[in-house]
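Notes follow the structure.
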Amino acid sequence: MSERFDMIVLGAGSGGLTVAQRASRLGARVALFDPDVLGGTCVNRGCVPKKAMWFAAHIADMHRLAADIGFQTSPMALDWARFRTLRDQYIAGIRHRYAMRLEAADIHVVEQAARLVRADTVATESGLQACAPHIVIATGSRPRQLELPGFELGMLSDDIFALDAPPQRLAIVGGGYIGVEFACLMRGLGCEVDLLVRESLLTDFDLELVEALAVQMLAHGIRIMRNTQITAARGQPGKVTLEATDGAEYGIYDAVLWATGRVPNSGGIGLEELGVERDGHGHVLVDAFQNTNVAGLYAVGDVTDRKALTPVAVAAGRALADRLIGGHADAKFDDSVIPSVVFSEPPLGAVGLTEQQAHARYGDAVSVHTGRYTPLLWMVAGRSEQSVVKLVCIGDERKVVGIHVLGPGSDELLQGFALALQKGLNWSDLKAAIAIHPTAAEELLLLH
Ligand SMILES: Cc1cc2nc3c(=O)[nH]c(=O)nc-3n(C[C@H](O)[C@H](O)[C@H](O)COP(=O)(O)OP(=O)(O)OC[C@H]3O[C@@H](n4cnc5c(N)ncnc54)[C@H](O)[C@@H]3O)c2cc1C
Ligand SMILES: NC(=O)c1ccc[n+]([C@@H]2O[C@H](COP(=O)([O-])OP(=O)(O)OC[C@H]3O[C@@H](n4cnc5c(N)ncnc54)[C@H](O)[C@@H]3O)[C@@H](O)[C@H]2O)c1
């Protein structure tokens with residue numbers, strides 16, 4: 001006998017928690033299944049512990065800057081165990097607050113994996129069954145595992161948060177968000193880092209800013225090997241050598257991080273049997289309203305083919321609950337403008353089209369305004385690395401279709417500019433605005 005609900009949600013990560021809580025607030029009786037801890041990737045194995053580590057690395061970098069500008073500093077060593085405890089306590093606190101909120105909302109939480117047995121019914125291995133007219137797949141994604149000899153000698157991003165101590169020599173394979181972020185932050189924490197990249201870095205970002213970031217990473221002592229396809233790892237844990245297609249060998253490393261993308265958790269949960277359409281990578285295909293091709297089944301977050309970012313999963317979940325339970329038939333989220341930041345050192349932020357994408361789409365109508373500057377504090381400290389800001393515009397009115405920022409503060413300053421771009425922004429609006437001086441943000445207003 002199945003227990004009946006108004007909505008069932010598979011997955012208590014960013015997307016699943018949002019849709020479940022919002023649907024409940026709007027009056028639905030909701031069941032939420034997840035075999036793992038509450039919060040999913042972002043809270044437990046992603047954004048949150050990563051950002052805490054980024055802050056620690058940033059503090060270490062500021063300490064080096066402090067010495068450069070005249071502070072009497074003594075060597076500063078991170079008590080890794082204490083830092084890990086504090087970070088993990090913070091995360092446990094987030095999970096605790098989620099649990100309290102779910103309980104207060106009377107959401108029926110089942111700490112088990114579920115699979116679809118019919119379009120309106122899910123079941124667990126232990127034999128529990130539940131049914132609802134609306135079932136939301138929010139099962140997220142997991143790190144991609146490569147089929148190459150010795151893969152098990154390396155770790156995945158899930159594992160890096162559990163390290164007892166930072167390795168002295170670390171290889172990172174992959175040049176996407178995770179590869180670049182961990183290269184920078186582990187270097188900041190004192191590791192020797194080699195970044196081995198199949199093609200080039202951050203291929204979705206503006207080439208000019210990525211190259212400027214690469215210059216700074218090199219200046220910080222990160223070795224970047226491009227066009228390097230790793231074919232095998234050998235040795236033993238703590239002593240690993242990597243082999244590449246051209247016969248070159250890299251190492252010996254104390255640790256290897258495979259950061260080669262993520263795959264959706266869409267297998268083995270009954271989707272094939274029900275005929276739910278997926279793309280070649282396994283992402284569940286959804287329309288603008290998060291509907292799958294099967295009535296009553298929806299998907300949000302990393303398990304879909306949308307951009308794999310927490311705010312995207314959250315926005316999708318919110319809109320879906322508003323539509324299914326809140327009665328807003330047109331509710332969907334606008335995914336045309338999605339800002340994002342790579343938490344590198346310094347951070348790299350982007351919203352809208354890159355120069356390359358704009359040229360491909362608008363040809364000669366594109367104009368680009370780029371500024372390079374050395375941040376004030378770096379100048380004082382005698383550093384000469386440059387930050388870069390870029391506006392990508394189209395047409396005679398110079399409508400802004402892309403904003404790209406690299407440098408200290410980029411992570412915080414981008415949000416307001418992204419909102420302006422979303423609302424419709426011309427270059428003349430920026431030129432007419434009064435700047436805040438001296439800041440990094442004003443560089444975007446002062447472009448020629
Ligand atoms: C290292 C790292 C750093 C990141 N940093 C950022 C960042 O700075 N900013 C940002 O925006 N994004 C970041 N991301 C991406 C972000 O974490 C994801 O986009 C986001 O967590 C996706 O949320 P989700 O709800 O789709 O999936 P998840 O958070 O992965 O949640 C899915 C949940 O489903 C559960 N589940 C799986 N199978 C089943 C089943 N059969 N039944 C029930 N439950 C199931 C899982 O246990 C999991 O809890 C980062 C990711 C990583 C890995
Ligand atoms: N700051 C943030 O917002 C943030 C941070 C981390 C992750 N994320 C999200 O999580 C996603 C996953 O991050 P990621 O860095 O794992 O993926 P990614 O897609 O950003 O990068 C994957 C990298 O692995 C390489 N790669 C893929 N297959 C390979 C192979 N077989 N051999 C060698 N290299 C290979 C790719 O060329 C690429 O450089 C991101 O795309 C992003 O959406 C966001």
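Residues are named by chain letter and number: chains run A, B, ... in the order of the structure tokens, numbers start at 1 in each chain, and ligands are numbered from 1 in the order shown.
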- Task: Just list the residues in region 257-425 of chain A DSSP gives helix (DSSP H, G or I) on the backbone, as a count of residues only.
- Result: 52
- Item | Protein and nucleic residues near ligand 2, 7 Å, only C-alpha atoms and all ligand atoms, as number ranges by chain | A: 46-47, 143, 146, 173-179, 197-202, 229-230, 259-262, 307-309, 340-343
- Message: List as a PyMOL selection string the protein and nucleic acid residues near region 243-252 of chain A, meaning an atom at most 9 Å away when only C-alpha atoms are counted, but skip any in the same chain fewer than 3 places from it.
- Response: chain A and resi 169-171+194+228-235+238-240+255
Could those selected residues go to a file with C-alpha atoms, as a PDB file, in the first residue's frame?
ATOM      1  CA  ARG A 169      53.040  17.807  -4.196  1.00  0.00           C
ATOM      2  CA  LEU A 170      49.613  17.732  -5.814  1.00  0.00           C
ATOM      3  CA  ALA A 171      48.618  17.035  -9.424  1.00  0.00           C
ATOM      4  CA  ASP A 194      50.758  20.893 -11.281  1.00  0.00           C
ATOM      5  CA  THR A 228      48.217  17.054 -21.890  1.00  0.00           C
ATOM      6  CA  GLN A 229      45.993  14.009 -21.947  1.00  0.00           C
ATOM      7  CA  ILE A 230      46.694  11.705 -19.024  1.00  0.00           C
ATOM      8  CA  THR A 231      46.422   8.025 -19.952  1.00  0.00           C
ATOM      9  CA  ALA A 232      47.485   6.265 -16.761  1.00  0.00           C
ATOM     10  CA  ALA A 233      48.531   6.686 -13.151  1.00  0.00           C
ATOM     11  CA  ARG A 234      50.994   4.322 -11.540  1.00  0.00           C
ATOM     12  CA  GLY A 235      52.811   3.867  -8.264  1.00  0.00           C
ATOM     13  CA  GLY A 238      51.222   8.887  -1.780  1.00  0.00           C
ATOM     14  CA  LYS A 239      53.717   8.247  -4.611  1.00  0.00           C
ATOM     15  CA  VAL A 240      51.965   8.597  -7.929  1.00  0.00           C
ATOM     16  CA  ALA A 255      48.255  13.166  -4.273  1.00  0.00           C
TER      17      ALA A 255
END
- Task: Please write out the residues within 6 Å of ligand 1 as a PyMOL selection string, counting only C-alpha atoms and all ligand atoms.
- Result: chain A and resi 10-16+33-36+40-42+45-47+50+113-115+138-141+157+178+265+269+301-303+308-311+313
- Query: Which one of A:Ser344, A:Met76, A:Gly282, A:Gly93 sits closest to Lys51 (chain A) if you count only C-alpha atoms?
  - Reply: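 Counting only C-alpha atoms, the residue closest to Lys51 (chain A) is A:Ser344.
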- Item | Using only C-alpha atoms: which of A:Asn291, A:Thr304, A:Gln216, A:Asn227 has the shortest distance to Pro346 (chain A) |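 Going through A:Asn291, A:Thr304, A:Gln216, A:Asn227 one by one, the smallest distance to Pro346 (chain A) is for A:Gln216.
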- Item | A:Val294, A:Leu348, A:Ile160, A:Val312 ranked by distance to Asp204 (chain A), top pick (using only C-alpha atoms) |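 The shortest atom-to-atom distance to Asp204 (chain A) comes from A:Leu348.
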- Task: Give me the residues within 9 Å of Ile94 (chain A) as a list in words, counting only C-alpha atoms and dropping any in the same chain fewer than 5 places off.
- Result: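 Contacts, with the query itself left out: Leu38, Gly39, Val43, Gln89 and Ala99 of chain A.
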Near region 220-224 of chain A, counting only C-alpha atoms, which residues have an atom at most 9 Å away, once you skip same-chain residues fewer than 4 positions from it, shown as a CSV table (one decimal) with N, CA and C atoms, in the first residue's frame?
chain,number,residue,atom,x,y,z
A,183,ALA,N,43.5,24.2,-7.9
A,183,ALA,CA,44.9,24.6,-8.1
A,183,ALA,C,45.2,25.8,-7.4
A,184,CYS,N,44.4,26.8,-7.4
A,184,CYS,CA,44.7,28.1,-6.8
A,184,CYS,C,44.6,28.0,-5.3
A,187,ARG,N,47.4,25.8,-3.8
A,187,ARG,CA,48.7,26.5,-3.9
A,187,ARG,C,48.8,27.6,-2.8
A,188,GLY,N,47.6,28.3,-2.6
A,188,GLY,CA,47.6,29.3,-1.6
A,188,GLY,C,47.9,28.7,-0.2
A,192,GLU,N,52.7,22.4,-3.6
A,192,GLU,CA,53.2,22.5,-5.0
A,192,GLU,C,52.2,21.9,-5.9
A,193,VAL,N,51.7,22.7,-6.9
A,193,VAL,CA,50.6,22.2,-7.7
A,193,VAL,C,51.0,22.2,-9.2
A,194,ASP,N,50.7,21.0,-9.8
A,194,ASP,CA,50.8,20.9,-11.3
A,194,ASP,C,49.3,20.7,-11.8
A,195,LEU,N,49.0,21.5,-12.8
A,195,LEU,CA,47.6,21.4,-13.3
A,195,LEU,C,47.8,20.9,-14.8
A,196,LEU,N,47.2,19.7,-14.9
A,196,LEU,CA,47.4,19.0,-16.2
A,196,LEU,C,46.1,19.0,-17.0
A,197,VAL,N,46.1,19.7,-18.1
A,197,VAL,CA,44.8,20.0,-18.8
A,197,VAL,C,44.8,19.4,-20.2
A,214,ALA,N,45.7,32.8,-16.2
A,214,ALA,CA,46.8,31.8,-16.3
A,214,ALA,C,48.2,32.5,-15.9
A,215,VAL,N,48.4,33.7,-16.4
A,215,VAL,CA,49.6,34.4,-16.1
A,215,VAL,C,49.8,34.5,-14.5
A,216,GLN,N,48.7,34.9,-13.9
A,216,GLN,CA,48.8,35.0,-12.4
A,216,GLN,C,49.0,33.7,-11.7
A,345,GLU,N,42.4,32.5,-7.7
A,345,GLU,CA,43.1,33.6,-7.0
A,345,GLU,C,43.9,34.4,-8.1
- Message: Taking the DSSP secondary structure from the backbone, can you list the residues of region 65-288 of chain A that are strand (DSSP E), as a PyMOL selection string?
- Response: chain A and resi 108-110+115-118+121-123+129-131+134-137+141-143+169-173+192-196+223-225+230-236+239-244+249-253+255-258+262-264
Keeping only C-alpha atoms, take the residues you just selected and write them out as an mmCIF file, in the first residue's frame.
data_model
loop_
_atom_site.group_PDB
_atom_site.id
_atom_site.type_symbol
_atom_site.label_atom_id
_atom_site.label_comp_id
_atom_site.auth_asym_id
_atom_site.auth_seq_id
_atom_site.Cartn_x
_atom_site.Cartn_y
_atom_site.Cartn_z
ATOM 1 C CA HIS A 108 8.010 13.663 5.312
ATOM 2 C CA VAL A 109 11.763 12.961 5.072
ATOM 3 C CA VAL A 110 12.868 9.427 4.171
ATOM 4 C CA ARG A 115 13.361 4.799 -7.610
ATOM 5 C CA LEU A 116 10.354 5.258 -9.836
ATOM 6 C CA VAL A 117 8.209 2.182 -10.255
ATOM 7 C CA ARG A 118 5.383 4.018 -12.074
ATOM 8 C CA THR A 121 4.938 5.984 -7.587
ATOM 9 C CA VAL A 122 8.371 5.592 -6.023
ATOM 10 C CA ALA A 123 9.766 2.742 -3.954
ATOM 11 C CA GLN A 129 6.196 2.999 -1.440
ATOM 12 C CA ALA A 130 4.789 6.477 -1.947
ATOM 13 C CA CYS A 131 2.730 8.017 -4.712
ATOM 14 C CA HIS A 134 3.934 15.276 -9.096
ATOM 15 C CA ILE A 135 7.372 13.644 -8.774
ATOM 16 C CA VAL A 136 10.501 15.775 -8.983
ATOM 17 C CA ILE A 137 13.881 14.236 -9.894
ATOM 18 C CA SER A 141 25.489 14.653 -10.231
ATOM 19 C CA ARG A 142 28.718 12.959 -9.166
ATOM 20 C CA PRO A 143 32.377 13.325 -10.219
ATOM 21 C CA ARG A 169 53.040 17.807 -4.196
ATOM 22 C CA LEU A 170 49.613 17.732 -5.814
ATOM 23 C CA ALA A 171 48.618 17.035 -9.424
ATOM 24 C CA ILE A 172 45.216 18.166 -10.615
ATOM 25 C CA VAL A 173 43.855 16.723 -13.846
ATOM 26 C CA GLU A 192 53.229 22.534 -5.005
ATOM 27 C CA VAL A 193 50.595 22.231 -7.719
ATOM 28 C CA ASP A 194 50.758 20.893 -11.281
ATOM 29 C CA LEU A 195 47.611 21.443 -13.343
ATOM 30 C CA LEU A 196 47.393 19.000 -16.232
ATOM 31 C CA ARG A 223 52.689 24.755 -13.230
ATOM 32 C CA ILE A 224 50.129 24.495 -16.024
ATOM 33 C CA MET A 225 50.545 21.765 -18.626
ATOM 34 C CA ILE A 230 46.694 11.705 -19.024
ATOM 35 C CA THR A 231 46.422 8.025 -19.952
ATOM 36 C CA ALA A 232 47.485 6.265 -16.761
ATOM 37 C CA ALA A 233 48.531 6.686 -13.151
ATOM 38 C CA ARG A 234 50.994 4.322 -11.540
ATOM 39 C CA GLY A 235 52.811 3.867 -8.264
ATOM 40 C CA GLN A 236 51.162 3.629 -4.898
ATOM 41 C CA LYS A 239 53.717 8.247 -4.611
ATOM 42 C CA VAL A 240 51.965 8.597 -7.929
ATOM 43 C CA THR A 241 53.344 9.146 -11.418
ATOM 44 C CA LEU A 242 51.107 10.243 -14.286
ATOM 45 C CA GLU A 243 51.624 9.210 -17.891
ATOM 46 C CA ALA A 244 50.435 11.246 -20.880
ATOM 47 C CA GLU A 249 55.667 11.421 -17.353
ATOM 48 C CA TYR A 250 54.735 13.745 -14.504
ATOM 49 C CA GLY A 251 55.397 13.320 -10.819
ATOM 50 C CA ILE A 252 56.096 11.909 -8.397
ATOM 51 C CA TYR A 253 53.038 13.304 -6.567
ATOM 52 C CA ALA A 255 48.255 13.166 -4.273
ATOM 53 C CA VAL A 256 46.294 13.427 -7.513
ATOM 54 C CA LEU A 257 42.893 15.094 -7.911
ATOM 55 C CA TRP A 258 40.784 14.045 -10.883
ATOM 56 C CA ARG A 262 30.562 15.459 -13.482
ATOM 57 C CA VAL A 263 27.918 12.986 -14.596
ATOM 58 C CA PRO A 264 24.203 13.140 -13.740
#
- Task: Have a look at A:Ala60, A:Ala219, A:Asp334, A:His281 and name the one nearest to Thr73 (chain A); count only C-alpha atoms.
- Result: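 Closest candidate: A:Ala60.
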- Rounded to one decimal place, report the CA of Arg95 (chain A)-CA of Val37 (chain A) distance in Å.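 According to the coordinates, CA of Arg95 (chain A) and CA of Val37 (chain A) are separated by 7.6 Å.
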- Task: Take CA of Val368 (chain A) and CA of Glu181 (chain A) and report the distance between them in Å, one decimal.
- Result: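 If I compute the distance from CA of Val368 (chain A) to CA of Glu181 (chain A), I get 27.1 Å.
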- Item | Non-local contacts of Asp287 (chain A) (10 Å; only C-alpha atoms; under 5 positions in same chain excluded) as a ChimeraX atom specification | /A:292-293,298-299,332
Selection to disk with C-alpha atoms, as a short mmCIF file (atom, residue, chain, number, x, y, z; two decimals), in the first residue's frame:
data_model
loop_
_atom_site.label_atom_id
_atom_site.label_comp_id
_atom_site.auth_asym_id
_atom_site.auth_seq_id
_atom_site.Cartn_x
_atom_site.Cartn_y
_atom_site.Cartn_z
CA THR A 292 10.16 15.82 -18.65
CA ASN A 293 8.47 14.11 -21.59
CA TYR A 298 9.83 16.87 -13.55
CA ALA A 299 13.56 17.43 -13.03
CA LYS A 332 9.54 29.39 -15.09
#
- Message: Can you measure CA of Asp305 (chain A) to CA of Gly268 (chain A) for me? One decimal in Å is fine.
- Response: 18.2 Å
Contacts of region 352-445 of chain A with region 208-213 of chain A up to 10 Å, shortest pair per row, only C-alpha atoms, as a Markdown table:
| residue | atom | partner | partner_atom | distance |
| --- | --- | --- | --- | --- |
| A:Thr354 | CA | A:Glu208 | CA | 9.5 |
| A:Glu355 | CA | A:Glu208 | CA | 8.8 |
| A:Gln356 | CA | A:Glu208 | CA | 9.8 |
| A:Thr370 | CA | A:Glu208 | CA | 9.6 |
| A:Arg372 | CA | A:Ala212 | CA | 9.8 |
| A:Glu385 | CA | A:Ala212 | CA | 8.8 |
| A:Gln386 | CA | A:Ala212 | CA | 7.5 |
| A:Ser387 | CA | A:Ala212 | CA | 7.6 |
| A:Val388 | CA | A:Leu209 | CA | 6.5 |
| A:Val389 | CA | A:Leu209 | CA | 8.0 |
| A:Lys390 | CA | A:Leu209 | CA | 8.4 |
| A:His404 | CA | A:Leu209 | CA | 7.5 |
| A:Val405 | CA | A:Leu209 | CA | 7.5 |
| A:Leu406 | CA | A:Leu209 | CA | 6.5 |
| A:Gly407 | CA | A:Leu213 | CA | 8.6 |
